[in-house]
Each structure stands twice: as structure tokens, then as C-alpha cells.
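Visitor: So here's work.csv, just CSV, C-alpha atoms and all ligand atoms:
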```csv
chain,number,residue,atom,x,y,z
A,1,MET,CA,-16.3,-4.9,6.9
A,2,SER,CA,-13.4,-3.7,4.9
A,3,ALA,CA,-11.2,-0.7,4.1
A,4,PRO,CA,-13.2,2.3,3.0
A,5,SER,CA,-13.6,2.0,-0.8
A,6,ASP,CA,-13.7,4.8,-3.3
A,7,HIS,CA,-17.2,3.9,-4.4
A,8,ALA,CA,-19.2,3.4,-1.2
A,9,ALA,CA,-20.8,6.3,0.6
A,10,SER,CA,-18.5,7.3,3.5
A,11,CYS,CA,-18.6,9.4,6.6
A,12,THR,CA,-16.0,10.6,9.1
A,13,LEU,CA,-15.7,10.5,12.8
A,14,SER,CA,-13.0,11.5,15.3
A,15,TYR,CA,-10.6,9.1,16.9
A,16,ASP,CA,-12.2,9.6,20.3
A,17,ALA,CA,-15.7,8.9,18.9
A,18,LEU,CA,-14.5,5.7,17.2
A,19,VAL,CA,-12.8,4.6,20.5
A,20,ASN,CA,-16.0,5.2,22.4
A,21,LEU,CA,-18.1,3.3,19.8
A,22,LEU,CA,-15.7,0.3,19.8
A,23,GLU,CA,-15.5,0.4,23.6
A,24,LYS,CA,-19.3,0.0,23.7
A,25,ILE,CA,-19.1,-3.0,21.4
A,26,PHE,CA,-16.5,-4.7,23.5
A,27,LEU,CA,-18.4,-4.0,26.7
A,28,ARG,CA,-21.7,-5.2,25.2
A,29,HIS,CA,-20.0,-8.5,24.3
A,30,GLY,CA,-18.7,-9.2,27.7
A,31,THR,CA,-15.2,-7.7,28.2
A,32,SER,CA,-14.2,-5.9,31.3
A,33,THR,CA,-13.9,-2.1,31.2
A,34,ASP,CA,-10.1,-2.2,31.0
A,35,VAL,CA,-10.0,-4.8,28.2
A,36,ALA,CA,-12.7,-2.8,26.3
A,37,ARG,CA,-10.7,0.4,26.4
A,38,CYS,CA,-7.4,-1.3,25.6
A,39,LEU,CA,-8.8,-3.1,22.5
A,40,ALA,CA,-10.9,-0.1,21.4
A,41,GLU,CA,-7.8,2.2,21.4
A,42,ASN,CA,-5.8,-0.4,19.6
A,43,CYS,CA,-8.3,-1.0,16.8
A,44,ALA,CA,-9.3,2.7,16.4
A,45,GLY,CA,-5.5,3.5,16.2
A,46,ALA,CA,-5.1,1.0,13.4
A,47,GLU,CA,-8.0,2.5,11.5
A,48,ARG,CA,-6.7,6.0,12.1
A,49,ASP,CA,-3.3,5.1,10.7
A,50,GLY,CA,-4.8,3.4,7.6
A,51,ALA,CA,-3.8,-0.1,8.8
A,52,HIS,CA,-7.2,-1.4,7.5
A,53,SER,CA,-6.4,-5.1,7.7
A,54,HIS,CA,-6.4,-4.7,11.5
A,55,GLY,CA,-8.8,-1.9,12.0
A,56,VAL,CA,-12.6,-2.0,12.3
A,57,PHE,CA,-12.7,-4.7,9.7
A,58,ARG,CA,-11.7,-7.0,12.6
A,59,ILE,CA,-14.6,-6.1,14.9
A,60,PRO,CA,-17.0,-8.9,13.8
A,61,GLY,CA,-14.2,-11.4,14.4
A,62,TYR,CA,-13.6,-10.0,17.9
A,63,VAL,CA,-17.3,-10.2,18.7
A,64,SER,CA,-17.6,-13.7,17.4
A,65,THR,CA,-14.5,-14.7,19.4
A,66,LEU,CA,-16.1,-13.3,22.6
A,67,ASN,CA,-19.6,-14.6,21.9
A,68,SER,CA,-18.2,-18.1,21.4
A,69,GLY,CA,-16.3,-18.0,24.7
A,70,TRP,CA,-13.2,-18.8,22.7
A,71,VAL,CA,-11.5,-15.9,24.4
A,72,ASN,CA,-12.1,-14.6,27.9
A,73,GLY,CA,-12.8,-10.9,27.7
A,74,GLN,CA,-12.7,-10.7,31.5
A,75,ALA,CA,-9.3,-12.3,31.9
A,76,VAL,CA,-7.0,-10.7,34.4
A,77,PRO,CA,-3.4,-11.3,33.3
A,78,THR,CA,-0.9,-12.8,35.8
A,79,VAL,CA,2.5,-11.1,35.7
A,80,GLU,CA,5.5,-13.2,36.7
A,81,ASP,CA,8.8,-11.7,37.6
A,82,VAL,CA,10.9,-14.6,36.3
A,83,ALA,CA,14.5,-13.4,36.3
A,84,SER,CA,16.5,-10.1,36.2
A,85,GLY,CA,15.8,-9.6,32.5
A,86,PHE,CA,12.7,-11.7,32.0
A,87,VAL,CA,9.0,-11.1,32.6
A,88,ALA,CA,6.3,-13.6,31.8
A,89,VAL,CA,2.6,-13.1,31.6
A,90,ASP,CA,-0.1,-15.7,31.6
A,91,ALA,CA,-2.9,-13.9,29.7
A,92,GLY,CA,-5.5,-16.4,31.0
A,93,ASN,CA,-6.9,-16.9,27.6
A,94,GLY,CA,-7.5,-13.2,27.2
A,95,PHE,CA,-6.2,-10.8,24.6
A,96,ALA,CA,-2.5,-10.1,24.3
A,97,GLN,CA,-2.7,-6.3,24.6
A,98,PRO,CA,-4.1,-6.2,28.2
A,99,ALA,CA,-1.4,-8.7,29.1
A,100,LEU,CA,1.3,-6.4,27.7
A,101,ALA,CA,-0.3,-3.4,29.4
A,102,ALA,CA,-0.2,-5.3,32.8
A,103,ALA,CA,3.5,-6.3,32.4
A,104,ARG,CA,4.7,-3.0,30.9
A,105,PRO,CA,5.8,-1.2,34.0
A,106,LEU,CA,7.9,-4.1,35.2
A,107,LEU,CA,9.3,-4.7,31.7
A,108,VAL,CA,10.4,-1.1,31.3
A,109,ALA,CA,11.9,-0.9,34.8
A,110,LYS,CA,14.0,-4.0,34.1
A,111,ALA,CA,15.1,-2.7,30.7
A,112,ARG,CA,16.1,0.6,32.2
A,113,SER,CA,18.0,-1.1,35.0
A,114,ALA,CA,19.7,-3.9,33.1
A,115,GLY,CA,19.8,-2.4,29.6
A,116,ILE,CA,17.6,-5.2,28.2
A,117,ALA,CA,14.5,-7.1,29.2
A,118,VAL,CA,12.3,-9.8,27.6
A,119,LEU,CA,8.6,-10.2,27.9
A,120,ALA,CA,7.0,-13.6,27.2
A,121,ILE,CA,3.2,-13.6,26.8
A,122,ARG,CA,1.4,-17.0,26.7
A,123,ASN,CA,-2.2,-18.2,26.7
A,124,SER,CA,-3.2,-15.1,24.7
A,125,HIS,CA,-5.0,-14.1,21.6
A,126,HIS,CA,-3.3,-11.5,19.3
A,127,PHE,CA,-5.8,-10.4,16.7
A,128,ALA,CA,-4.3,-7.0,15.9
A,129,ALA,CA,-1.5,-5.1,14.2
A,130,LEU,CA,1.8,-5.4,16.0
A,131,TRP,CA,3.2,-1.9,15.7
A,132,PRO,CA,1.0,-0.5,18.5
A,133,ASP,CA,2.8,-2.9,20.8
A,134,VAL,CA,6.3,-1.5,20.0
A,135,GLU,CA,5.9,2.1,18.9
A,136,PRO,CA,5.1,3.5,22.4
A,137,PHE,CA,8.5,2.2,23.7
A,138,ALA,CA,10.3,4.2,21.1
A,139,TYR,CA,8.5,7.4,22.2
A,140,GLU,CA,10.1,6.7,25.6
A,141,GLY,CA,13.6,6.4,24.1
A,142,LEU,CA,13.7,2.6,24.1
A,143,VAL,CA,14.2,0.1,21.2
A,144,ALA,CA,11.6,-2.7,21.0
A,145,LEU,CA,11.2,-5.8,18.9
A,146,SER,CA,8.2,-8.1,19.0
A,147,VAL,CA,7.0,-11.2,17.3
A,148,VAL,CA,3.7,-13.1,17.4
A,149,ASN,CA,2.7,-16.4,15.8
A,150,SER,CA,-0.7,-17.1,14.5
A,151,MET,CA,-2.7,-19.9,12.8
A,152,THR,CA,-1.4,-22.3,10.2
A,153,CYS,CA,-1.9,-20.8,6.8
A,154,VAL,CA,1.6,-20.4,5.3
A,155,VAL,CA,3.5,-23.0,3.3
A,156,PRO,CA,7.2,-23.1,4.4
A,157,HIS,CA,9.5,-22.5,1.5
A,158,GLY,CA,10.2,-25.9,-0.2
A,159,ALA,CA,7.2,-27.6,1.5
A,160,ASP,CA,3.8,-28.5,0.0
A,161,ARG,CA,1.4,-27.9,2.9
A,162,PRO,CA,0.9,-25.0,5.3
A,163,LEU,CA,2.5,-25.1,8.7
A,164,PHE,CA,3.5,-21.5,9.8
A,165,GLY,CA,1.3,-18.6,10.7
A,166,THR,CA,1.5,-15.2,9.0
A,167,ASN,CA,3.8,-14.4,12.0
A,168,PRO,CA,4.6,-10.7,12.0
A,169,ILE,CA,7.7,-9.0,13.2
A,170,ALA,CA,7.6,-5.4,14.5
A,171,PHE,CA,10.5,-3.1,15.4
A,172,ALA,CA,10.6,0.4,16.8
A,173,ALA,CA,13.6,2.7,17.5
A,174,PRO,CA,13.8,6.3,18.6
A,175,ARG,CA,15.5,9.0,16.5
A,176,ALA,CA,16.5,12.5,17.2
A,177,ASP,CA,14.2,14.4,14.9
A,178,GLY,CA,10.8,13.1,13.8
A,179,GLU,CA,8.7,10.1,14.5
A,180,PRO,CA,10.4,6.9,15.7
A,181,ILE,CA,11.6,4.4,13.1
A,182,VAL,CA,8.9,1.6,13.0
A,183,PHE,CA,8.3,-1.3,10.8
A,184,ASP,CA,5.7,-4.0,11.2
A,185,LEU,CA,5.4,-6.8,8.6
A,186,ALA,CA,3.8,-10.2,8.2
A,187,THR,CA,6.4,-12.9,7.2
A,188,SER,CA,3.9,-14.1,4.7
A,189,ALA,CA,3.8,-12.5,1.3
A,190,ILE,CA,0.5,-10.8,2.4
A,191,ALA,CA,-1.4,-10.6,5.6
A,192,HIS,CA,-4.4,-12.9,6.0
A,193,GLY,CA,-6.5,-9.9,6.7
A,194,ASP,CA,-5.6,-8.3,3.3
A,195,VAL,CA,-6.6,-11.6,1.6
A,196,GLN,CA,-10.0,-11.4,3.3
A,197,ILE,CA,-10.5,-7.8,2.3
A,198,ALA,CA,-9.5,-8.5,-1.4
A,199,ALA,CA,-12.0,-11.4,-1.4
A,200,ARG,CA,-14.8,-9.2,-0.2
A,201,LYS,CA,-14.0,-6.5,-2.8
A,202,GLY,CA,-13.7,-9.1,-5.5
A,203,GLU,CA,-10.1,-8.1,-6.4
A,204,LEU,CA,-7.3,-10.2,-7.6
A,205,LEU,CA,-4.1,-10.4,-5.6
A,206,PRO,CA,-0.6,-9.6,-7.0
A,207,PRO,CA,1.2,-12.8,-8.3
A,208,GLY,CA,3.2,-14.8,-5.8
A,209,MET,CA,1.0,-14.4,-2.7
A,210,GLY,CA,-0.6,-17.9,-2.4
A,211,VAL,CA,-1.7,-21.2,-3.8
A,212,ASP,CA,-5.0,-22.9,-4.2
A,213,SER,CA,-6.2,-26.2,-2.7
A,214,LEU,CA,-4.1,-28.1,-5.2
A,215,GLY,CA,-1.0,-26.2,-4.4
A,216,GLN,CA,-1.1,-24.3,-7.7
A,217,PRO,CA,-0.2,-20.6,-7.7
A,218,THR,CA,-3.3,-18.4,-7.7
A,219,ARG,CA,-4.2,-14.7,-7.6
A,220,ASP,CA,-7.8,-15.5,-6.4
A,221,PRO,CA,-8.1,-14.6,-2.7
A,222,LYS,CA,-11.1,-16.9,-2.4
A,223,ALA,CA,-9.1,-19.9,-3.6
A,224,ILE,CA,-6.5,-19.1,-1.0
A,225,LEU,CA,-9.1,-18.8,1.8
A,226,GLU,CA,-11.0,-21.9,0.7
A,227,GLY,CA,-8.5,-24.7,1.0
A,228,GLY,CA,-5.5,-22.9,-0.3
A,229,ALA,CA,-2.6,-21.2,1.6
A,230,LEU,CA,-0.3,-18.3,1.6
A,231,LEU,CA,3.4,-18.2,0.8
A,232,PRO,CA,6.2,-16.7,2.8
A,233,PHE,CA,7.6,-13.4,1.6
A,234,GLY,CA,11.0,-13.6,-0.1
A,235,GLY,CA,11.1,-17.4,-0.5
A,236,HIS,CA,13.5,-19.1,1.9
A,237,LYS,CA,14.4,-15.9,3.7
A,238,GLY,CA,10.9,-15.0,4.8
A,239,SER,CA,10.4,-18.7,5.6
A,240,ALA,CA,13.4,-18.7,7.9
A,241,LEU,CA,12.1,-15.6,9.7
A,242,SER,CA,8.6,-17.2,10.1
A,243,MET,CA,10.3,-20.3,11.6
A,244,MET,CA,12.2,-18.0,14.0
A,245,VAL,CA,8.9,-16.3,15.0
A,246,GLU,CA,7.4,-19.8,15.8
A,247,LEU,CA,10.4,-20.5,18.1
A,248,LEU,CA,10.4,-17.2,19.8
A,249,ALA,CA,6.7,-16.5,20.1
A,250,ALA,CA,5.6,-20.1,20.9
A,251,ALA,CA,8.5,-22.3,22.1
A,252,LEU,CA,10.0,-19.6,24.2
A,253,THR,CA,6.8,-18.4,25.8
A,254,GLY,CA,4.8,-21.6,26.4
A,255,GLY,CA,2.3,-20.7,23.7
A,256,ASN,CA,1.0,-23.0,20.9
A,257,PHE,CA,2.9,-23.3,17.7
A,258,SER,CA,0.6,-22.1,14.8
A,259,PHE,CA,0.1,-25.8,13.8
A,260,GLU,CA,-1.1,-26.8,17.3
A,261,PHE,CA,-4.2,-24.7,17.0
A,262,ASP,CA,-7.1,-25.8,14.9
A,263,TRP,CA,-8.9,-22.6,13.9
A,264,HIS,CA,-11.0,-24.2,11.2
A,265,ASN,CA,-13.7,-25.3,13.7
A,266,HIS,CA,-14.2,-21.7,14.7
A,267,PRO,CA,-14.4,-19.8,11.4
A,268,GLY,CA,-15.9,-16.5,12.8
A,269,ALA,CA,-13.1,-15.8,15.2
A,270,LYS,CA,-9.9,-16.9,13.6
A,271,THR,CA,-7.9,-16.3,16.8
A,272,PRO,CA,-5.1,-18.8,17.5
A,273,TRP,CA,-4.1,-19.4,21.2
A,274,THR,CA,-0.5,-18.7,20.6
A,275,GLY,CA,2.3,-16.5,22.1
A,276,GLN,CA,4.1,-13.2,21.8
A,277,LEU,CA,7.7,-12.2,22.7
A,278,LEU,CA,8.9,-8.6,23.2
A,279,ILE,CA,12.5,-7.5,23.6
A,280,VAL,CA,13.1,-4.0,25.0
A,281,ILE,CA,16.5,-2.4,25.0
A,282,ASP,CA,17.6,0.8,26.7
A,283,PRO,CA,20.1,2.2,24.2
A,284,SER,CA,21.5,4.6,26.8
A,285,LYS,CA,23.0,1.6,28.5
A,286,THR,CA,24.6,0.1,25.4
A,287,ALA,CA,25.4,2.4,22.6
A,288,GLY,CA,28.2,4.5,24.0
A,289,GLN,CA,27.0,7.2,21.6
A,290,ASP,CA,23.6,8.9,21.4
A,291,PHE,CA,21.5,6.2,19.8
A,292,ALA,CA,18.8,8.7,18.6
A,293,GLU,CA,21.4,10.8,16.9
A,294,ARG,CA,22.9,7.7,15.3
A,295,SER,CA,19.5,6.5,14.0
A,296,GLN,CA,18.8,10.1,12.8
A,297,GLU,CA,22.1,9.9,10.9
A,298,LEU,CA,21.1,6.6,9.2
A,299,VAL,CA,17.8,8.2,8.1
A,300,ARG,CA,19.7,11.2,6.7
A,301,GLN,CA,21.9,8.9,4.7
A,302,MET,CA,18.9,6.9,3.4
A,303,HIS,CA,17.2,10.1,2.3
A,304,GLY,CA,20.6,11.1,0.8
A,305,VAL,CA,20.6,8.1,-1.5
A,306,GLY,CA,17.2,8.9,-2.8
A,307,LEU,CA,14.9,7.1,-0.4
A,308,ARG,CA,11.6,8.9,-0.2
A,309,ARG,CA,9.5,6.6,2.0
A,310,LEU,CA,10.6,5.0,5.3
A,311,PRO,CA,8.5,2.3,6.9
A,312,GLY,CA,5.9,4.1,9.0
A,313,ASP,CA,5.8,7.2,6.8
A,314,ARG,CA,2.5,6.2,5.2
A,315,ARG,CA,1.0,5.4,8.6
A,316,HIS,CA,2.0,8.8,10.0
A,317,ARG,CA,0.6,10.6,6.9
A,318,GLU,CA,-2.7,8.7,7.5
A,319,ARG,CA,-2.6,9.6,11.2
A,320,SER,CA,-2.1,13.3,10.5
A,321,LYS,CA,-4.9,13.2,7.9
A,322,SER,CA,-7.3,11.4,10.3
A,323,ASN,CA,-6.4,13.8,13.2
A,324,GLU,CA,-7.1,16.8,11.0
A,325,HIS,CA,-10.2,15.6,9.1
A,326,GLY,CA,-11.5,12.6,11.0
A,327,ILE,CA,-11.4,8.9,10.3
A,328,THR,CA,-13.2,7.8,7.1
A,329,LEU,CA,-15.5,4.8,7.3
A,330,ASP,CA,-17.9,3.3,4.8
A,331,GLU,CA,-21.5,4.2,5.9
A,332,GLN,CA,-22.3,0.5,5.8
A,333,ALA,CA,-19.4,-0.4,8.1
A,334,LEU,CA,-20.3,2.4,10.5
A,335,ALA,CA,-23.9,1.1,10.6
A,336,GLN,CA,-22.7,-2.4,11.4
A,337,LEU,CA,-20.6,-1.1,14.2
A,338,ARG,CA,-23.5,0.9,15.6
A,339,GLU,CA,-25.7,-2.2,15.4
A,340,LEU,CA,-23.0,-4.3,17.3
A,341,ALA,CA,-22.8,-1.5,19.9
A,342,GLY,CA,-26.6,-1.6,20.3
A,343,SER,CA,-26.9,2.1,19.5
A,401,LIG,N1,-1.7,-10.4,14.9
A,401,LIG,C1,-1.2,-11.2,14.0
A,401,LIG,O1,-1.1,-12.4,14.2
A,401,LIG,C2,-0.9,-10.7,12.7
A,401,LIG,C3,-0.9,-9.3,12.4
A,401,LIG,N2,-0.5,-8.9,11.2
A,401,LIG,C4,-0.5,-7.4,10.9
A,401,LIG,O2,-0.8,-7.1,9.6
A,401,LIG,C5,-0.4,-5.8,9.3
A,401,LIG,C6,0.0,-5.8,7.8
A,401,LIG,O3,1.2,-6.5,7.6
A,401,LIG,P1,1.8,-6.5,6.1
A,401,LIG,O4,0.8,-6.6,5.1
A,401,LIG,O5,3.0,-7.4,6.1
A,401,LIG,O6,2.3,-5.0,6.1
A,401,LIG,P2,2.8,-4.1,4.8
A,401,LIG,O7,3.4,-5.0,3.8
A,401,LIG,O8,1.7,-3.3,4.3
A,401,LIG,O9,3.9,-3.2,5.4
A,401,LIG,C7,5.0,-3.7,6.1
A,401,LIG,C8,5.9,-2.6,6.5
A,401,LIG,O10,6.6,-2.1,5.4
A,401,LIG,C9,6.4,-0.7,5.3
A,401,LIG,N3,6.2,-0.4,3.9
A,401,LIG,C10,5.3,-0.8,3.0
A,401,LIG,N4,5.6,-0.4,1.8
A,401,LIG,C11,6.7,0.3,1.8
A,401,LIG,C12,7.5,1.0,0.9
A,401,LIG,N5,7.2,1.1,-0.4
A,401,LIG,N6,8.6,1.6,1.3
A,401,LIG,C13,9.0,1.6,2.6
A,401,LIG,N7,8.3,1.0,3.6
A,401,LIG,C14,7.2,0.3,3.2
A,401,LIG,C15,5.1,-0.4,6.1
A,401,LIG,O11,5.1,0.9,6.5
A,401,LIG,P3,3.6,1.7,6.5
A,401,LIG,O12,2.8,1.1,7.6
A,401,LIG,O13,4.0,3.1,6.8
A,401,LIG,O14,3.0,1.5,5.2
A,401,LIG,C16,5.2,-1.4,7.2
A,401,LIG,O15,6.0,-1.0,8.3
A,401,LIG,C17,0.8,-5.6,10.3
A,401,LIG,O16,0.4,-4.6,11.2
A,401,LIG,C18,0.9,-6.9,11.1
A,401,LIG,O17,1.3,-6.8,12.4
A,401,LIG,C19,-0.1,-9.7,10.2
A,401,LIG,C20,0.0,-11.1,10.4
A,401,LIG,C21,-0.5,-11.7,11.7
A,402,LIG,O1,-3.8,-10.7,9.0
A,402,LIG,C1,-3.3,-11.8,9.5
A,402,LIG,O2,-2.5,-12.5,8.9
A,402,LIG,C2,-3.7,-12.1,10.9
A,402,LIG,N1,-4.2,-11.2,11.7
A,402,LIG,C3,-4.6,-11.4,13.0
A,402,LIG,C4,-4.8,-12.8,13.4
A,402,LIG,C5,-4.0,-13.8,12.8
A,402,LIG,C6,-3.6,-13.5,11.3
```
Turn this file's structure into C-alpha cells for me.
Guide:
Amino acid sequence: MSAPSDHAASCTLSYDALVNLLEKIFLRHGTSTDVARCLAENCAGAERDGAHSHGVFRIPGYVSTLNSGWVNGQAVPTVEDVASGFVAVDAGNGFAQPALAAARPLLVAKARSAGIAVLAIRNSHHFAALWPDVEPFAYEGLVALSVVNSMTCVVPHGADRPLFGTNPIAFAAPRADGEPIVFDLATSAIAHGDVQIAARKGELLPPGMGVDSLGQPTRDPKAILEGGALLPFGGHKGSALSMMVELLAAALTGGNFSFEFDWHNHPGAKTPWTGQLLIVIDPSKTAGQDFAERSQELVRQMHGVGLRRLPGDRRHRERSKSNEHGITLDEQALAQLRELAGS
């Protein structure tokens, strides 16, 4: 399953219809009703926003992960009130999003009372885009930063073998007018999901994304997936950020480092048992000025120097388009989803 292509026959369906279809798939493959709803909304939201590398393309991977028992779709997260500014969740080998949902009320209460709170999720699988985890905080006037580590497939800058995951960082902040400022980026030159999509479409990658099994630069996604590896974005700078993600998402939460999880023996699922850290700040406790006005001023100045596209602008354009005209899927992809849903 991949992003809708210009050539294949396509069809559209509403966000609600896609959520219902995906929910059926998750339920049919053994998740609880809460988990099914949570994952379905996450995945349909990614597809709606044009975040194809973590939209319906991921559904066969979710199914495989559930069928293998690699992840517990019935897991009930245990929320621990660790300290005044610290919440921990043991996801019980379940997915990360229901763990975040379970801890969210306590996390927000702590952030609002102390000005800042940290959430550490362990024993979880994060198989999704990271922006859905931070964006809702900004709609509530809070600033949020999150990191997740994943499976070993990125060669640290200056090394000759992979060690880090694609380790994304997502950030969200409110602003006075318009959508919150949100960015969400893999610390690798390209997300693993996009390499898989390029391989399926038979497309070459831009230069500088990865190496083959001999460590030689390659633009062939298959060479990267079959024994090769990805590179960090921005050389030593992206590599340092990826290292930071390993420390915050794994060492600080009690999750695995990316290199501690062998995902090669479970090729269908590709879900590492790692960790996630979320930091939530209430700017009304800290800034002394109206934070949303200040962030709006920054955006005004960026536009003033000729910036036409902020991170998140493309996603919101896609969201508006999907809300107006429906979400476009390849007919073949939709047929596969219906088959997985047993409908
Ligand atoms: N769960 C996991 O373990 C992992 C998940 N991922 C997910 O993969 C997804 C894709 O990551 P990645 O490929 O790095 O994302 P992209 O490189 O596509 O985009 C990164 C960010 O930059 C913004 N952006 C892109 N191009 C421009 C531009 N020209 N001007 C201004 N802003 C721009 C994007 O906004 P916009 O969205 O509006 O285009 C986005 O916020 C993410 O959602 C990430 O969370 C990645 C690795 C691991
Ligand atoms: O696209 C990626 O990179 C990943 N997505 C989810 C699971 C780990 C890696």
C-alpha cells in the first residue's frame, strides 16, 4: 500500500468513513475498542493530511504486528504519577498512542499547575507520525515537544554501520491567528516509510539519503532496504539530534535503544519496542508576555522576509482539501483495506 499515485484508479471517502473502516480492521485483528479507535483516528488523520508514509500504507504492518503477537492490542497502559513534573506510563507492550491518551489528563494538569511537565512512555510501539501527538496540545494553548526512537537503520555521521533509528522530533506551539506552528521530522535524511514507498513505486531517491550494503552511496531504495542503511539529515548535526533522541526517548524512559531491538526477525511488523518522551509547557506560566502573540509576530516576520511555506502549511492544505472533497485512495489500496476489515 502506498501514497495514491497519479496513474492508478482512485476513489475518495470521508475521514469518518476511513476511521470506521480502519477501526474494523484493528478490531478484527484483536485490539480493544479503545485501541482500535485511537489508532484508526491517528492513521486516518495522517492520510487526510497527506502524511502518506504513516497513513494507510502502514495498515498491513499494524496487522502483521498484531497477528504475530509482537504487540498487545489489548494492553491497558499503567499511568504512574512519578513526581511533581513527571508522569510515566508503562504501555504494557501496547501502542504508544493509547498510552499517551491514558496519561494526557494528568500530564496537562501538571503542566498547567507547574508550568512544565514531562511524560515518559516505555514498553510501547510507535508506528505512526509524531505530529498527532503534539498538535492537540497547541490547540489548547500549550507548547509540546516529543521524541521517539525506533529501529536501527541510520549510520551515525562518521561511522560505517547503522546504530540509530530514524528518530523523529515533533514540536507544536500555539499562535494568535491561524493554525498552531507544528513541525515533525525524522532525524534521518528520509523516513524509512518513504524509502519503502519509493521502492514499491520503482522510483530513485534524491542523492544523499542512504548507502548500500557495502556502505556506498546509493539512490536505489531497494539497496537501502536490503542490507543498506540511511544517513542522518545534515551530517553531524542531524546525527547529534538523533543521538539526543536515543537518550531522551530510550535512556530516560526505560525503553530500548534502537540498537537493542532486533527487528529483522519480524519483517512484516517493523515495530521496535522503544520509548517516547513528551515535554509540555504552559507558556502562560513562563513567558511574561502573550506567547501566542509573540509566536504570531515571529510568523509575521518570517512572511515579511519572503517565506511562503511554514512547516505544517502543506499538511493543513491537504487537510482542508480532504475535508472538502474526501480522502483520495488508490482503488487497489481501498480493496486491500476492505479485505483486511472482512467487508
Ligand atoms: N514513529 C516513528 O518511529 C517515526 C515516524 N516518522 C514520521 O515520518 C514522518 C515524515 O518525516 P520526514 O520525512 O522527516 O518529514 P518531511 O521531511 O516531509 O517534513 C518535515 C517537516 O518539515 C516541513 N517541511 C517540509 N518541506 C518544507 C518546506 N519546503 N518548507 C517548510 N517546511 C517544510 C514539514 O511540514 P508539512 O508536513 O506541512 O509538509 C514537516 O513539518 C513524520 O511524521 C515522522 O514523525 C519518521 C521516523 C520514525
Ligand atoms: O518511517 C519511519 O522511519 C518509521 N516509521 C514508524 C516506525 C519506525 C520507523
Visitor: Using all atoms listed in the file, can you list as number ranges by chain the residues within 6 Å of (0.9, -14.3, 25.6)?
Guide: A: 91, 96, 121-124, 275-276
Visitor: Any idea what's packed within 9 Å of region 65-79 of chain A, counting only C-alpha atoms, ignoring anything in its chain fewer than 3 positions away? Could you give it as a ChimeraX atom specification?
Guide: /A:26-27,29-36,60-62,87-95,98-100,102-103,106,124-125,266,268-271,273
Visitor: Using only C-alpha atoms and all ligand atoms, find each protein or nucleic acid residue lying at most 7 Å from ligand LIG 402 (chain A); present the set as a VMD selection string.
Guide: chain A and resid 53 to 54 126 to 128 150 to 151 166 186 191 to 194 270 to 272
Visitor: Of the residues A:Leu205, A:Ile116, A:Leu142, A:Ile181, which is the one nearest to ligand LIG 401 (chain A), using only C-alpha atoms and all ligand atoms?
Guide: A:Ile181
Visitor: Box for region 34-50 of chain A: with edges along x, y and z, all listed atoms inside and 8 Å added on each side, what are the centre and edge lengths in Å to one decimal, as lines of an AutoDock Vina configuration file?
Guide:
```
center_x = -8.0
center_y = 0.6
center_z = 19.3
size_x = 25.4
size_y = 26.8
size_z = 39.4
```
Visitor: Kindly indicate which residue among A:Asp49, A:Glu297, A:Asp81, A:Asp262 lies nearest to Thr274 (chain A), using all atoms listed in the file for the distances.
Guide: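 For Thr274 (chain A), the nearest of the candidates is A:Asp262.
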Visitor: Give me, please, the distance in Å between CA of Ile327 (chain A) and CA of Asp177 (chain A), quoted to one decimal.
Guide: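 Between these atoms lies a distance of 26.6 Å.
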Visitor: As a PyMOL selection string, please: every protein or nucleic acid residue near ligand LIG 401 (chain A) (cut-off 6 Å, counting only C-alpha atoms and all ligand atoms).
Guide: chain A and resi 126-131+148-150+166-168+183-186+190-191+309-315
Visitor: Now that the selection is made, can you save its residues with C-alpha atoms as a short mmCIF file (atom, residue, chain, number, x, y, z; two decimals), in the coordinates of the input?
Guide:
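So selection-v9.cif came out as:
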```
data_model
loop_
_atom_site.label_atom_id
_atom_site.label_comp_id
_atom_site.auth_asym_id
_atom_site.auth_seq_id
_atom_site.Cartn_x
_atom_site.Cartn_y
_atom_site.Cartn_z
CA HIS A 126 -3.30 -11.50 19.30
CA PHE A 127 -5.80 -10.40 16.70
CA ALA A 128 -4.30 -7.00 15.90
CA ALA A 129 -1.50 -5.10 14.20
CA LEU A 130 1.80 -5.40 16.00
CA TRP A 131 3.20 -1.90 15.70
CA VAL A 148 3.70 -13.10 17.40
CA ASN A 149 2.70 -16.40 15.80
CA SER A 150 -0.70 -17.10 14.50
CA THR A 166 1.50 -15.20 9.00
CA ASN A 167 3.80 -14.40 12.00
CA PRO A 168 4.60 -10.70 12.00
CA PHE A 183 8.30 -1.30 10.80
CA ASP A 184 5.70 -4.00 11.20
CA LEU A 185 5.40 -6.80 8.60
CA ALA A 186 3.80 -10.20 8.20
CA ILE A 190 0.50 -10.80 2.40
CA ALA A 191 -1.40 -10.60 5.60
CA ARG A 309 9.50 6.60 2.00
CA LEU A 310 10.60 5.00 5.30
CA PRO A 311 8.50 2.30 6.90
CA GLY A 312 5.90 4.10 9.00
CA ASP A 313 5.80 7.20 6.80
CA ARG A 314 2.50 6.20 5.20
CA ARG A 315 1.00 5.40 8.60
#
```
Visitor: Just the number, please: distance in Å from CA of Ser239 (chain A) to CA of Ser188 (chain A), one decimal.
Guide: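 Atom-to-atom, CA of Ser239 (chain A) and CA of Ser188 (chain A) are spaced 8.0 Å apart.
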